[in-house]
>>> print(open('model25.pdb').read())   # PDB, C-alpha atoms
MODEL        1
ATOM      1  CA  MET B   1      44.322  -9.056   8.541
ATOM      2  CA  GLU B   2      44.287  -6.310   5.920
ATOM      3  CA  THR B   3      41.203  -4.207   5.204
ATOM      4  CA  ILE B   4      39.939  -3.834   1.624
ATOM      5  CA  VAL B   5      37.242  -1.704   0.099
ATOM      6  CA  LEU B   6      35.614  -3.879  -2.561
ATOM      7  CA  ALA B   7      33.749  -1.759  -5.118
ATOM      8  CA  VAL B   8      31.422  -3.915  -7.207
ATOM      9  CA  GLY B   9      30.072  -2.554 -10.484
ATOM     10  CA  GLY B  10      26.590  -2.419 -11.908
ATOM     11  CA  ASN B  11      26.979  -5.901 -13.390
ATOM     12  CA  ALA B  12      26.876  -7.285  -9.854
ATOM     13  CA  LEU B  13      23.071  -7.123 -10.089
ATOM     14  CA  LEU B  14      22.280  -6.460 -13.744
ATOM     15  CA  ARG B  15      23.803  -7.817 -16.939
ATOM     16  CA  PRO B  16      23.156  -6.812 -20.558
ATOM     17  CA  GLY B  17      19.798  -8.221 -21.586
ATOM     18  CA  ASP B  18      18.410  -8.406 -18.048
ATOM     19  CA  HIS B  19      15.034  -6.789 -17.388
ATOM     20  CA  GLY B  20      15.778  -5.824 -13.792
ATOM     21  CA  THR B  21      13.254  -8.097 -12.062
ATOM     22  CA  ALA B  22      13.788  -8.949  -8.414
ATOM     23  CA  GLU B  23      14.406 -12.575  -9.372
ATOM     24  CA  GLU B  24      17.094 -11.628 -11.886
ATOM     25  CA  GLN B  25      18.852  -9.307  -9.461
ATOM     26  CA  MET B  26      18.768 -11.894  -6.667
ATOM     27  CA  LEU B  27      20.354 -14.385  -9.061
ATOM     28  CA  ARG B  28      23.076 -11.886 -10.006
ATOM     29  CA  ALA B  29      23.732 -11.189  -6.313
ATOM     30  CA  LYS B  30      24.167 -14.937  -5.789
ATOM     31  CA  GLU B  31      26.580 -15.150  -8.732
ATOM     32  CA  THR B  32      28.565 -12.171  -7.441
ATOM     33  CA  ALA B  33      28.797 -13.759  -3.995
ATOM     34  CA  GLU B  34      30.067 -17.013  -5.494
ATOM     35  CA  ASN B  35      32.818 -15.105  -7.333
ATOM     36  CA  ILE B  36      34.071 -12.967  -4.471
ATOM     37  CA  TYR B  37      33.501 -14.994  -1.291
ATOM     38  CA  PRO B  38      37.187 -16.134  -1.151
ATOM     39  CA  LEU B  39      38.048 -12.510  -0.332
ATOM     40  CA  PHE B  40      35.953 -12.763   2.847
ATOM     41  CA  LYS B  41      38.379 -15.378   4.174
ATOM     42  CA  LYS B  42      41.527 -13.391   3.362
ATOM     43  CA  PHE B  43      40.574  -9.815   4.294
ATOM     44  CA  LYS B  44      38.413  -7.550   6.398
ATOM     45  CA  VAL B  45      35.954  -6.402   3.730
ATOM     46  CA  VAL B  46      33.650  -3.454   3.172
ATOM     47  CA  VAL B  47      31.624  -3.771  -0.042
ATOM     48  CA  THR B  48      30.450  -0.745  -2.001
ATOM     49  CA  HIS B  49      28.197  -0.815  -5.055
ATOM     50  CA  GLY B  50      26.598   1.217  -7.795
ATOM     51  CA  ASN B  51      22.891   1.954  -8.095
ATOM     52  CA  GLY B  52      22.374   3.608 -11.489
ATOM     53  CA  PRO B  53      19.788   1.218 -12.969
ATOM     54  CA  GLN B  54      17.966   0.752  -9.657
ATOM     55  CA  VAL B  55      17.674   4.427  -8.737
ATOM     56  CA  GLY B  56      16.701   5.147 -12.335
ATOM     57  CA  ALA B  57      13.871   2.616 -12.023
ATOM     58  CA  ILE B  58      12.751   4.192  -8.733
ATOM     59  CA  LEU B  59      12.668   7.606 -10.393
ATOM     60  CA  LEU B  60      10.588   6.204 -13.274
ATOM     61  CA  GLN B  61       8.189   4.648 -10.782
ATOM     62  CA  ASN B  62       7.977   8.045  -9.058
ATOM     63  CA  GLU B  63       7.198   9.773 -12.329
ATOM     64  CA  ASN B  64       4.572   7.276 -13.414
ATOM     65  CA  SER B  65       2.750   7.311 -10.070
ATOM     66  CA  LYS B  66       3.086  11.001  -9.198
ATOM     67  CA  ASN B  67      -0.670  11.550  -9.490
ATOM     68  CA  ILE B  68      -1.308   8.771  -6.949
ATOM     69  CA  VAL B  69       1.492   9.150  -4.367
ATOM     70  CA  PRO B  70       3.909  12.060  -3.828
ATOM     71  CA  PRO B  71       7.208  11.600  -5.717
ATOM     72  CA  MET B  72      10.400  11.534  -3.653
ATOM     73  CA  PRO B  73      13.526  13.633  -4.353
ATOM     74  CA  LEU B  74      16.691  11.984  -5.650
ATOM     75  CA  ASP B  75      18.483  11.818  -2.273
ATOM     76  CA  ILE B  76      15.599   9.813  -0.793
ATOM     77  CA  CYS B  77      15.454   7.626  -3.900
ATOM     78  CA  GLY B  78      19.157   6.976  -3.392
ATOM     79  CA  ALA B  79      18.451   5.895   0.174
ATOM     80  CA  MET B  80      15.742   3.551  -1.112
ATOM     81  CA  SER B  81      18.197   1.991  -3.556
ATOM     82  CA  GLN B  82      20.784   1.480  -0.799
ATOM     83  CA  GLY B  83      18.275  -0.558   1.172
ATOM     84  CA  GLU B  84      17.112  -2.494  -1.887
ATOM     85  CA  ILE B  85      20.575  -3.405  -3.172
ATOM     86  CA  GLY B  86      22.049  -3.861   0.293
ATOM     87  CA  TYR B  87      19.351  -6.431   1.055
ATOM     88  CA  MET B  88      19.944  -8.374  -2.164
ATOM     89  CA  LEU B  89      23.720  -8.435  -1.740
ATOM     90  CA  ALA B  90      23.408  -9.355   1.943
ATOM     91  CA  GLN B  91      21.208 -12.297   0.999
ATOM     92  CA  GLY B  92      23.709 -13.487  -1.584
ATOM     93  CA  PHE B  93      26.660 -13.101   0.791
ATOM     94  CA  HIS B  94      24.869 -14.697   3.749
ATOM     95  CA  ASN B  95      23.859 -17.784   1.813
ATOM     96  CA  ILE B  96      27.311 -18.407   0.320
ATOM     97  CA  LEU B  97      28.939 -17.958   3.739
ATOM     98  CA  GLU B  98      26.519 -20.504   5.214
ATOM     99  CA  LYS B  99      27.198 -22.890   2.345
ATOM    100  CA  LYS B 100      30.980 -22.583   2.727
ATOM    101  CA  ASN B 101      30.881 -22.711   6.552
ATOM    102  CA  ILE B 102      32.535 -19.298   6.897
ATOM    103  CA  ASP B 103      31.688 -17.792  10.271
ATOM    104  CA  LYS B 104      31.090 -14.168   9.315
ATOM    105  CA  ARG B 105      28.013 -11.959   9.297
ATOM    106  CA  ILE B 106      26.925  -9.107   7.062
ATOM    107  CA  VAL B 107      25.532  -5.680   7.915
ATOM    108  CA  THR B 108      24.329  -2.943   5.553
ATOM    109  CA  VAL B 109      24.956   0.670   6.587
ATOM    110  CA  LEU B 110      22.839   3.448   5.114
ATOM    111  CA  THR B 111      25.587   5.879   4.179
ATOM    112  CA  ARG B 112      25.684   9.644   3.709
ATOM    113  CA  VAL B 113      28.550  11.452   2.002
ATOM    114  CA  ILE B 114      29.382  15.099   2.562
ATOM    115  CA  VAL B 115      29.788  17.237  -0.584
ATOM    116  CA  ASP B 116      30.410  20.949  -1.130
ATOM    117  CA  LYS B 117      27.202  22.892  -1.722
ATOM    118  CA  ASN B 118      29.171  25.091  -4.139
ATOM    119  CA  ASP B 119      30.474  22.142  -6.160
ATOM    120  CA  PRO B 120      30.300  23.146  -9.854
ATOM    121  CA  ALA B 121      28.703  19.756 -10.628
ATOM    122  CA  PHE B 122      25.353  21.131  -9.509
ATOM    123  CA  LYS B 123      25.413  23.498 -12.484
ATOM    124  CA  ASN B 124      26.770  20.872 -14.895
ATOM    125  CA  PRO B 125      25.019  17.468 -14.601
ATOM    126  CA  THR B 126      27.224  14.633 -15.902
ATOM    127  CA  LYS B 127      26.390  11.401 -14.008
ATOM    128  CA  PRO B 128      24.401   8.838 -16.063
ATOM    129  CA  ILE B 129      21.570   7.041 -14.265
ATOM    130  CA  GLY B 130      18.759   4.753 -15.309
ATOM    131  CA  PRO B 131      18.276   2.769 -18.514
ATOM    132  CA  PHE B 132      19.782   3.358 -21.945
ATOM    133  CA  TYR B 133      17.671   5.005 -24.639
ATOM    134  CA  THR B 134      17.963   5.643 -28.341
ATOM    135  CA  GLU B 135      18.919   9.202 -29.228
ATOM    136  CA  GLU B 136      15.356   9.913 -30.336
ATOM    137  CA  GLU B 137      13.834   8.558 -27.106
ATOM    138  CA  ALA B 138      16.325  10.409 -24.914
ATOM    139  CA  LYS B 139      15.755  13.770 -26.577
ATOM    140  CA  ARG B 140      11.995  13.321 -26.382
ATOM    141  CA  LEU B 141      12.226  12.587 -22.643
ATOM    142  CA  ALA B 142      14.511  15.594 -22.192
ATOM    143  CA  ARG B 143      11.866  17.830 -23.778
ATOM    144  CA  GLU B 144       8.974  16.279 -21.854
ATOM    145  CA  LYS B 145      10.575  15.942 -18.420
ATOM    146  CA  GLY B 146      13.266  18.613 -18.396
ATOM    147  CA  TRP B 147      16.018  16.015 -18.139
ATOM    148  CA  HIS B 148      19.631  16.462 -19.122
ATOM    149  CA  VAL B 149      20.693  13.599 -21.436
ATOM    150  CA  ILE B 150      23.998  12.545 -22.991
ATOM    151  CA  GLU B 151      25.440   9.824 -25.192
ATOM    152  CA  ASP B 152      27.175   7.416 -22.786
ATOM    153  CA  SER B 153      30.480   5.908 -23.983
ATOM    154  CA  GLY B 154      29.054   4.533 -27.214
ATOM    155  CA  ARG B 155      26.481   2.424 -25.358
ATOM    156  CA  GLY B 156      23.389   4.578 -25.862
ATOM    157  CA  TRP B 157      21.758   7.683 -24.402
ATOM    158  CA  ARG B 158      21.026   8.199 -20.698
ATOM    159  CA  ARG B 159      19.738  10.777 -18.267
ATOM    160  CA  VAL B 160      22.463  12.633 -16.362
ATOM    161  CA  VAL B 161      22.294  14.291 -12.928
ATOM    162  CA  PRO B 162      24.794  16.304 -10.840
ATOM    163  CA  SER B 163      27.800  14.311  -9.590
ATOM    164  CA  PRO B 164      29.481  16.299  -6.802
ATOM    165  CA  ASP B 165      32.874  15.271  -5.485
ATOM    166  CA  PRO B 166      32.820  13.207  -2.254
ATOM    167  CA  LEU B 167      34.579  14.873   0.682
ATOM    168  CA  GLU B 168      33.857  12.741   3.754
ATOM    169  CA  ILE B 169      31.880   9.637   4.740
ATOM    170  CA  VAL B 170      29.503  10.572   7.581
ATOM    171  CA  GLU B 171      29.327   7.019   8.959
ATOM    172  CA  LYS B 172      33.070   6.306   8.703
ATOM    173  CA  ARG B 173      33.607   5.605  12.422
ATOM    174  CA  ALA B 174      30.692   3.187  12.585
ATOM    175  CA  ILE B 175      31.892   1.360   9.471
ATOM    176  CA  ARG B 176      35.447   1.040  10.838
ATOM    177  CA  LYS B 177      34.089  -0.263  14.160
ATOM    178  CA  LEU B 178      31.925  -2.883  12.438
ATOM    179  CA  ILE B 179      34.837  -4.069  10.270
ATOM    180  CA  ASP B 180      37.067  -4.412  13.320
ATOM    181  CA  GLU B 181      34.327  -6.402  15.056
ATOM    182  CA  GLY B 182      34.487  -8.917  12.198
ATOM    183  CA  PHE B 183      31.459  -7.907  10.140
ATOM    184  CA  ILE B 184      31.395  -7.777   6.352
ATOM    185  CA  VAL B 185      29.990  -4.298   5.775
ATOM    186  CA  ILE B 186      27.951  -3.154   2.774
ATOM    187  CA  ALA B 187      28.204   0.642   2.615
ATOM    188  CA  VAL B 188      28.346   3.762   0.416
ATOM    189  CA  GLY B 189      25.701   2.259  -1.874
ATOM    190  CA  GLY B 190      25.420   4.126  -5.151
ATOM    191  CA  GLY B 191      28.213   6.441  -4.048
ATOM    192  CA  GLY B 192      26.318   7.379  -0.891
ATOM    193  CA  ILE B 193      23.549   9.885  -0.256
ATOM    194  CA  PRO B 194      24.957  13.379  -0.954
ATOM    195  CA  VAL B 195      24.516  15.832   1.921
ATOM    196  CA  ILE B 196      25.805  19.354   2.499
ATOM    197  CA  ARG B 197      26.638  21.216   5.702
ATOM    198  CA  GLU B 198      24.229  24.060   6.328
ATOM    199  CA  ASP B 199      22.943  25.890   9.421
ATOM    200  CA  GLY B 200      24.908  23.623  11.732
ATOM    201  CA  GLY B 201      23.461  20.422  10.295
ATOM    202  CA  LEU B 202      23.323  18.192   7.230
ATOM    203  CA  ILE B 203      20.853  18.586   4.371
ATOM    204  CA  GLY B 204      20.298  16.059   1.583
ATOM    205  CA  VAL B 205      20.736  17.303  -1.983
ATOM    206  CA  GLU B 206      19.844  15.881  -5.383
ATOM    207  CA  GLY B 207      22.789  14.246  -7.076
ATOM    208  CA  VAL B 208      24.605  10.947  -7.578
ATOM    209  CA  ILE B 209      28.182  10.640  -6.352
ATOM    210  CA  ASP B 210      30.453   8.445  -8.421
ATOM    211  CA  LYS B 211      30.657   5.055  -6.713
ATOM    212  CA  ASP B 212      34.373   4.573  -7.325
ATOM    213  CA  LEU B 213      35.342   8.043  -6.073
ATOM    214  CA  ALA B 214      33.173   7.526  -2.982
ATOM    215  CA  SER B 215      34.788   4.115  -2.455
ATOM    216  CA  ALA B 216      38.221   5.742  -2.534
ATOM    217  CA  THR B 217      37.038   8.366  -0.032
ATOM    218  CA  LEU B 218      35.760   5.597   2.232
ATOM    219  CA  GLY B 219      39.060   3.759   1.920
ATOM    220  CA  ILE B 220      40.949   6.905   2.938
ATOM    221  CA  ASP B 221      38.557   7.694   5.817
ATOM    222  CA  ILE B 222      38.756   4.201   7.365
ATOM    223  CA  HIS B 223      42.473   3.723   6.573
ATOM    224  CA  ALA B 224      41.904   0.694   4.355
ATOM    225  CA  ASP B 225      44.961  -1.083   2.998
ATOM    226  CA  LYS B 226      43.672  -1.867  -0.488
ATOM    227  CA  LEU B 227      40.959  -0.855  -2.946
ATOM    228  CA  PHE B 228      39.573  -3.514  -5.288
ATOM    229  CA  ILE B 229      37.416  -2.178  -8.141
ATOM    230  CA  LEU B 230      35.371  -4.864  -9.873
ATOM    231  CA  THR B 231      34.009  -4.034 -13.314
ATOM    232  CA  SER B 232      33.021  -5.686 -16.592
ATOM    233  CA  VAL B 233      36.561  -6.149 -17.951
ATOM    234  CA  ASP B 234      39.387  -8.348 -16.662
ATOM    235  CA  LYS B 235      41.952  -5.525 -16.654
ATOM    236  CA  VAL B 236      42.628  -1.945 -17.723
ATOM    237  CA  TYR B 237      43.345  -1.454 -21.419
ATOM    238  CA  LEU B 238      45.050   1.263 -23.407
ATOM    239  CA  ASN B 239      43.352   2.123 -26.718
ATOM    240  CA  PHE B 240      40.350   0.131 -25.518
ATOM    241  CA  GLY B 241      38.193  -1.210 -28.344
ATOM    242  CA  LYS B 242      40.760  -0.347 -31.033
ATOM    243  CA  PRO B 243      42.946  -2.726 -33.078
ATOM    244  CA  GLU B 244      45.987  -1.635 -31.045
ATOM    245  CA  GLN B 245      44.252  -2.366 -27.705
ATOM    246  CA  MET B 246      46.763  -3.381 -25.032
ATOM    247  CA  GLY B 247      46.122  -4.679 -21.520
ATOM    248  CA  ILE B 248      48.064  -3.335 -18.533
ATOM    249  CA  SER B 249      49.091  -5.753 -15.782
ATOM    250  CA  GLU B 250      50.528  -3.121 -13.448
ATOM    251  CA  MET B 251      51.304   0.580 -13.252
ATOM    252  CA  ASN B 252      52.088   3.244 -10.687
ATOM    253  CA  VAL B 253      50.381   6.563 -10.006
ATOM    254  CA  GLU B 254      52.714   8.413 -12.355
ATOM    255  CA  ASP B 255      51.881   5.985 -15.171
ATOM    256  CA  ALA B 256      48.161   6.300 -14.449
ATOM    257  CA  LYS B 257      48.291  10.099 -14.639
ATOM    258  CA  LYS B 258      50.200   9.900 -17.915
ATOM    259  CA  TYR B 259      47.642   7.538 -19.489
ATOM    260  CA  MET B 260      44.800   9.777 -18.275
ATOM    261  CA  SER B 261      46.404  12.844 -19.840
ATOM    262  CA  GLU B 262      46.759  10.942 -23.113
ATOM    263  CA  GLY B 263      43.002  10.320 -23.181
ATOM    264  CA  HIS B 264      43.011   6.532 -22.851
ATOM    265  CA  PHE B 265      40.127   6.391 -20.351
ATOM    266  CA  LYS B 266      36.543   7.470 -21.067
ATOM    267  CA  LYS B 267      34.768   9.737 -18.591
ATOM    268  CA  GLY B 268      31.750   7.470 -18.186
ATOM    269  CA  SER B 269      33.739   4.263 -17.962
ATOM    270  CA  MET B 270      37.345   3.694 -16.792
ATOM    271  CA  TYR B 271      38.294   7.329 -16.074
ATOM    272  CA  PRO B 272      36.663   7.596 -12.606
ATOM    273  CA  LYS B 273      38.130   4.216 -11.628
ATOM    274  CA  ILE B 274      41.650   5.407 -12.435
ATOM    275  CA  LEU B 275      41.035   8.749 -10.709
ATOM    276  CA  ALA B 276      39.726   6.923  -7.616
ATOM    277  CA  SER B 277      42.801   4.706  -7.653
ATOM    278  CA  ILE B 278      45.115   7.713  -7.746
ATOM    279  CA  ARG B 279      43.318   9.461  -4.881
ATOM    280  CA  PHE B 280      43.372   6.342  -2.723
ATOM    281  CA  LEU B 281      47.068   5.673  -3.312
ATOM    282  CA  GLU B 282      48.090   9.310  -2.805
ATOM    283  CA  ASN B 283      46.354   9.291   0.584
ATOM    284  CA  GLY B 284      47.920   6.245   2.191
ATOM    285  CA  GLY B 285      46.512   3.274   0.250
ATOM    286  CA  LYS B 286      48.928   0.433  -0.497
ATOM    287  CA  GLU B 287      47.582  -0.883  -3.801
ATOM    288  CA  VAL B 288      44.566  -1.015  -6.104
ATOM    289  CA  LEU B 289      43.254  -3.921  -8.170
ATOM    290  CA  ILE B 290      40.937  -3.448 -11.157
ATOM    291  CA  THR B 291      39.414  -6.615 -12.624
ATOM    292  CA  SER B 292      36.089  -8.429 -13.103
ATOM    293  CA  PRO B 293      34.235 -10.373 -10.369
ATOM    294  CA  GLU B 294      34.807 -13.597 -12.287
ATOM    295  CA  LYS B 295      38.578 -13.014 -12.418
ATOM    296  CA  VAL B 296      39.268 -11.650  -8.932
ATOM    297  CA  THR B 297      40.716 -14.934  -7.615
ATOM    298  CA  ASP B 298      42.893 -15.272 -10.716
ATOM    299  CA  ALA B 299      44.038 -11.679 -10.228
ATOM    300  CA  LEU B 300      45.109 -12.414  -6.656
ATOM    301  CA  ASN B 301      47.204 -15.245  -8.078
ATOM    302  CA  GLY B 302      48.871 -12.849 -10.528
ATOM    303  CA  GLU B 303      47.175 -14.308 -13.600
ATOM    304  CA  THR B 304      45.135 -11.280 -14.707
ATOM    305  CA  GLY B 305      43.845  -7.916 -13.538
ATOM    306  CA  THR B 306      45.558  -4.528 -13.312
ATOM    307  CA  TRP B 307      47.490  -3.686 -10.139
ATOM    308  CA  ILE B 308      48.204  -0.031  -9.395
ATOM    309  CA  TYR B 309      50.816   1.096  -6.876
ATOM    310  CA  PRO B 310      51.833   4.451  -5.340
TER     311      PRO B 310
ENDMDL
END
>>> encode(input="model25.pdb", output="structure tokens")
Amino acid sequence: METIVLAVGGNALLRPGDHGTAEEQMLRAKETAENIYPLFKKFKVVVTHGNGPQVGAILLQNENSKNIVPPMPLDICGAMSQGEIGYMLAQGFHNILEKKNIDKRIVTVLTRVIVDKNDPAFKNPTKPIGPFYTEEEAKRLAREKGWHVIEDSGRGWRRVVPSPDPLEIVEKRAIRKLIDEGFIVIAVGGGGIPVIREDGGLIGVEGVIDKDLASATLGIDIHADKLFILTSVDKVYLNFGKPEQMGISEMNVEDAKKYMSEGHFKKGSMYPKILASIRFLENGGKEVLITSPEKVTDALNGETGTWIYP
């Protein structure tokens, strides 16, 4: 049975218009489970996920209660979000497996990812986290809190933090062992907790690793066969959002690099997904699928989605 890394996007737990309550996120986890559970029967699966809205909420809670309890640094907030989201997804997966009489169990692995302490990202924050703001709100918060803020792909303004490149998954051997034992593993939540090597050990640092790049690194480290990236669109598009928009059903690494160089993919949106796909395929991966959770079964049947090959 082939092994896949299944990277679910932020819409797995939050949709436009949601307020982020526990009840809403539990419902979204249930919906995500209902869409993707067929994969659990066909493959050995490790699920990765984003954490931008959740870790952003934790940071806001830290800020608003800092005079009552000590605020936690971003690496610890990332660990908190891994537990929070891992629990909600595990509940959704467990209940659908019980309902469908699929004899598999789920385990969530708190995951650290090694980064380079000299990564230039630490001097140039680019990773959006937390809620969207108007330009006026974002610039006010930047002045008041010392945040870095940017306009995010035409969707609004957000806080940005360092996004160092993932080098190695610390828990890769444990994750591989669990997969081979038949577990569905939830790992590398939010791109993993960034840590650096220093003084013979590991030290947590503030930053958010891109979830898709970390998922590709995990796939390489555990020798996964395939990488499935689930997002809000059914396939990859050229000239996305323009009158000449065109969907792509399949491409190879050379095509992907060409489209990237032509500027078809936005940095805060499809660009890291394509880059992750290229890295995975250039390091032994067999194929990548990019589609939405709702369309993943259709994509496996060749009806939609974008397939990328070496």
>>> atom_distance(input="model25.pdb", atom1="CA of Leu230 (chain B)", atom2="CA of Val55 (chain B)")
20.0 Å
>>> residues_around(input="model25.pdb", residues="region 138-145 of chain B", least_positions_apart="2", cutoff="12 Å", atoms="all atoms listed in the file", output="list in words")
Leu59, Leu60, Glu63, Asn64, Gly130, Pro131, Phe132, Tyr133, Thr134, Glu135, Glu136, Trp147, His148, Val149, Ile150, Glu151, Asp152, Gly156, Trp157, Arg158, Arg159 and Val160 of chain B
>>> write_last_selection(input="model25.pdb", atoms="C-alpha atoms", output="short mmCIF file (atom, residue, chain, number, x, y, z; two decimals), in the frame of the given file")
data_model
loop_
_atom_site.label_atom_id
_atom_site.label_comp_id
_atom_site.auth_asym_id
_atom_site.auth_seq_id
_atom_site.Cartn_x
_atom_site.Cartn_y
_atom_site.Cartn_z
CA LEU B 59 12.67 7.61 -10.39
CA LEU B 60 10.59 6.20 -13.27
CA GLU B 63 7.20 9.77 -12.33
CA ASN B 64 4.57 7.28 -13.41
CA GLY B 130 18.76 4.75 -15.31
CA PRO B 131 18.28 2.77 -18.51
CA PHE B 132 19.78 3.36 -21.94
CA TYR B 133 17.67 5.00 -24.64
CA THR B 134 17.96 5.64 -28.34
CA GLU B 135 18.92 9.20 -29.23
CA GLU B 136 15.36 9.91 -30.34
CA TRP B 147 16.02 16.02 -18.14
CA HIS B 148 19.63 16.46 -19.12
CA VAL B 149 20.69 13.60 -21.44
CA ILE B 150 24.00 12.54 -22.99
CA GLU B 151 25.44 9.82 -25.19
CA ASP B 152 27.18 7.42 -22.79
CA GLY B 156 23.39 4.58 -25.86
CA TRP B 157 21.76 7.68 -24.40
CA ARG B 158 21.03 8.20 -20.70
CA ARG B 159 19.74 10.78 -18.27
CA VAL B 160 22.46 12.63 -16.36
#
>>> resolve_selection(input="model25.pdb", expression="the PyMOL selection byres ((chain B and resi 282) around 12)", output="NGL selection string")
:B and (216-217 or 219-220 or 252-254 or 257 or 275-281 or 283-288 or 308-310)
>>> closest_residue(input="model25.pdb", among="B:Gln25, B:Thr306, B:Thr3, B:Ser215", to="Leu238 (chain B)", atoms="all atoms listed in the file")
B:Thr306
>>> resolve_selection(input="model25.pdb", expression="the PyMOL selection byres ((chain B and resi 176) around 12)", output="VMD selection string")
chain B and resid 3 to 5 44 to 46 109 169 to 175 177 to 187 218 to 224
>>> closest_residue(input="model25.pdb", among="B:Pro16, B:Gly10, B:Lys127, B:Ile193", to="Pro162 (chain B)", atoms="all atoms listed in the file")
B:Lys127
>>> resolve_selection(input="model25.pdb", expression="the PyMOL selection byres ((chain B and resi 81-85) around 7)", output="CSV table (one decimal) with C-alpha atoms, keeping the file's coordinate frame")
chain,number,residue,atom,x,y,z
B,51,ASN,CA,22.9,2.0,-8.1
B,54,GLN,CA,18.0,0.8,-9.7
B,55,VAL,CA,17.7,4.4,-8.7
B,77,CYS,CA,15.5,7.6,-3.9
B,78,GLY,CA,19.2,7.0,-3.4
B,79,ALA,CA,18.5,5.9,0.2
B,80,MET,CA,15.7,3.6,-1.1
B,86,GLY,CA,22.0,-3.9,0.3
B,87,TYR,CA,19.4,-6.4,1.1
B,88,MET,CA,19.9,-8.4,-2.2
B,89,LEU,CA,23.7,-8.4,-1.7
B,110,LEU,CA,22.8,3.4,5.1
B,189,GLY,CA,25.7,2.3,-1.9
B,190,GLY,CA,25.4,4.1,-5.2
>>> residues_around(input="model25.pdb", residues="Gly263 (chain B)", least_positions_apart="6", cutoff="12 Å", atoms="all atoms listed in the file", output="PDB file with C-alpha atoms, keeping the file's coordinate frame")
ATOM      1  CA  TYR B 237      43.345  -1.454 -21.419  1.00  0.00           C
ATOM      2  CA  LEU B 238      45.050   1.263 -23.407  1.00  0.00           C
ATOM      3  CA  ASN B 239      43.352   2.123 -26.718  1.00  0.00           C
ATOM      4  CA  PHE B 240      40.350   0.131 -25.518  1.00  0.00           C
ATOM      5  CA  ALA B 256      48.161   6.300 -14.449  1.00  0.00           C
ATOM      6  CA  LYS B 257      48.291  10.099 -14.639  1.00  0.00           C
ATOM      7  CA  MET B 270      37.345   3.694 -16.792  1.00  0.00           C
ATOM      8  CA  TYR B 271      38.294   7.329 -16.074  1.00  0.00           C
ATOM      9  CA  ILE B 274      41.650   5.407 -12.435  1.00  0.00           C
TER      10      ILE B 274
END
